[in-house]
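Since the structure comes first, as structure tokens, the remarks are kept for the end.
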Amino acid sequence: MGGRPEGPARRTALLGPADARTTQGQLRRWHLVTIIPPLAIVGAVLIKVDARSWWEACVLALGVLAALVLVERWTTGDTSRVALPCLVVVAAVWPFGVLVTDSHTAFYGLLIVGPYLLSGLSHHRRAATLALVGYVAAVGAAKLLVSRDDVPGDLLTYVLIPTAVTVVATGFMFANQRFYEIVERSREREAELAVIRERVRFASDLHDIQGHTLHVVKLKVTLAEKLVRTDIERVEDELREVHALVGDTISQTKELAYAQRRLNLSVELENAKNLFEAAGIRVRVNREAEVDGRVDELLGQVLRETTTNILRHAEATRVRITLSETGITIVNDGARRAPLPGLRGLAVLRERVGDNGGELTVEQQEGRFVTAAEFPAQAPPTGRKDAAR
């Protein structure tokens with residue numbers, strides 16, 4: 001029916017093959033347990049009430065059985081083989097119940113099959129809905145032509161009530177399908193946002209690696225140009241360092257592409273010191289405590305990004321780096337009086353630090369620029385000594 005997946009299978013179309021099979025199986029079991037038994041019980045009760053003989057019960061049971069078969073196949077997402085036979089059976093049981101057995105509930109099977117099939121249509125839903133409702137009403141109206149004893153009662157029992165119930169059931173099915181479509185869209189948006197966040201994270205890491213390296217290379221090449229006529233040995237040393245730095249950057253880029261890259265705060269601290277000293281900037285490092293391993297990588301990212309920003313945007317002569325157990329503070333002079341350009345890397349880092357329970361603050365005042373990242377201290381474990389007390 002239509003050109004798109006039906007039932008629970010449609011709600012798993014965006015998942016991977018293995019996940020889709022697992023989720024679809026769970027949804028199928030859920031529908032089999034929660035939908036089919038109530039439908040079967042109601043159908044059995046209606047047959048018991050309306051059937052006056054065993055053969056009438058058998059015919060009415062065919063309509064209920066056809067409806068249950070369709071629902072069972074709907075849970076698997078494939079109703080193509082049983083849709084038409086089930087529709088023919090339930091459509092035939094309704095006039096049989098009206099004209100032969102005086103059963104005003106014989107439309108029960110049609111009440112189930114019709115809305116289920118309508119919800120799977122991709123085109124002409126309105127026309128099909130009108131046809132379903134019109135058929136139920138027309139068959140019920142035929143009772144008025146056969147029996148004229150109680151026209152108002154028959155009109156209510158065979159026309160108005162079945163037609164109204166069919167309209168309500170169809171509307172409920174469309175509303176239910178609309179709800180699942182909204183849920184699907186929200187999941188799609190969540191997946192898209194996750195992809196966007198991952199791309200931003202990857203771009204930020206790539207910026208950290210290559211932007212940092214390019215600034216170092218620029219400084220060393222500038223220094224080599226100045227010394228090329230006076231200290232050729234120093235120039236060779238600088239070029240060797242540039243070569244090694246570029247090679248290291250290539251390795252880090254490969255690690256990033258394969259999600260294997262992890263920053264080390266100690267290494268980043270040594271790199272920052274060497275870079276500042278090469279640029280003629282005095283560096284002082286204060287270690288107040290050993291850094292918690294939980295935040296080592298994020299603090300390394302903050303230090304790397306801040307180092308790049310100082311070299312790019314400031315005219316610093318002094319930098320002070322303070323390390324605590326769960327935080328880092330970098331203070332530099334030479335901050336420009338004019339508003340700084342957008343520090344996009346720090347903005348991305350602020351979100352990343354916040355997602356991990358920390359806080360990244362950036363302040364500019366009186367020619368100084370302060371970048372600080374702080375994470376909450378880990379609660380001390382309740383050791384055996386405490387338990388012994």
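We label chains A, B, ... in the order they appear in the structure tokens, count residues from 1 in each chain, and number ligands from 1 in the order shown.
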
**Report entry** DSSP-assigned alpha helix (DSSP H) among range 56-209 of chain A, expressed as JSON, numbers by chain
**Finding:** {"A": [56, 57, 58, 59, 60, 61, 62, 63, 64, 65, 66, 67, 68, 69, 70, 71, 72, 73, 74, 75, 83, 84, 85, 86, 87, 88, 89, 90, 91, 92, 93, 94, 95, 96, 97, 98, 99, 108, 109, 110, 111, 112, 113, 114, 115, 116, 117, 118, 119, 125, 126, 127, 128, 129, 130, 131, 132, 133, 134, 135, 136, 137, 138, 139, 140, 141, 142, 143, 144, 145, 146, 151, 152, 153, 154, 161, 162, 163, 164, 165, 166, 167, 168, 169, 170, 171, 172, 173, 174, 175, 176, 177, 178, 179, 180, 181, 182, 183, 184, 185, 186, 187, 188, 189, 190, 191, 192, 193, 194, 195, 196, 197, 198, 199, 200, 201, 202, 203, 204, 205, 206]}

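Among the candidates A:Gly140, A:Gly63, A:Gly334, A:Pro162, the one nearest to His313 in chain A when counting only C-alpha atoms is A:Gly334.
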
Can you list every residue of range 108-181 of chain A that has an atom at most 10 Å from range 38-58 of chain A, with its nearest atom pair and the distance in Å to one decimal, using only C-alpha atoms, ordered by chain then number, as CSV?
```
residue,atom,partner,partner_atom,distance
A:Tyr108,CA,A:Gly43,CA,7.3
A:Gly109,CA,A:Gly43,CA,8.2
A:Ile112,CA,A:Leu39,CA,8.8
```

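Distances to Gly300 in chain A were evaluated for A:Ala278, A:Ile232, A:Ile209, A:Val113 using only C-alpha atoms, and the minimum falls at A:Ile209.
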
Report task. Would you list the contacts of range 123-128 of chain A as a PyMOL selection string, taking every protein, DNA or RNA residue within 12 Å and counting only C-alpha atoms, but skipping same-chain residues closer than 3 positions in sequence? Result -> chain A and resi 1-4+114-120+131-135+167+170-171+174

Determine, counting only C-alpha atoms, which protein, DNA and RNA residues have an atom within 12 Å of an atom of Arg294 in chain A; residues of the same chain fewer than 4 positions away are not included. Present the result as an mmCIF file with C-alpha atoms, in the first residue's frame.
```cif
data_model
loop_
_atom_site.group_PDB
_atom_site.id
_atom_site.type_symbol
_atom_site.label_atom_id
_atom_site.label_comp_id
_atom_site.auth_asym_id
_atom_site.auth_seq_id
_atom_site.Cartn_x
_atom_site.Cartn_y
_atom_site.Cartn_z
ATOM 1 C CA ASN A 264 48.321 15.636 27.069
ATOM 2 C CA LEU A 265 48.469 18.703 29.313
ATOM 3 C CA GLU A 290 48.712 17.762 40.392
ATOM 4 C CA LEU A 298 40.279 19.426 28.190
ATOM 5 C CA LEU A 299 42.729 21.657 30.049
ATOM 6 C CA GLY A 300 45.299 20.839 27.373
ATOM 7 C CA GLU A 325 43.904 20.128 40.525
ATOM 8 C CA THR A 326 40.846 20.824 38.396
ATOM 9 C CA GLY A 327 41.579 24.044 36.557
ATOM 10 C CA ASN A 356 31.639 18.173 30.923
ATOM 11 C CA GLY A 357 30.435 20.080 34.000
ATOM 12 C CA GLY A 358 33.064 22.829 33.968
ATOM 13 C CA PHE A 375 35.909 21.942 36.835
ATOM 14 C CA PRO A 376 34.177 20.878 40.046
ATOM 15 C CA ALA A 377 36.407 18.870 42.338
ATOM 16 C CA GLN A 378 35.635 15.169 42.488
#
```

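Distance annotation: of A:Leu303, A:Thr317, A:Val146, A:Ser324, the residue with the minimal separation from Leu346 in chain A is A:Leu303; atom set is only C-alpha atoms.
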
Query raised in the report: Which residues, written as JSON, numbers by chain, have at least one atom at most 12 Å from Gly153 in chain A, with only C-alpha atoms counted and residues fewer than 6 positions away on the same chain left out?
Result: {"A": [104, 140, 141, 143, 144, 147, 159, 160, 161]}
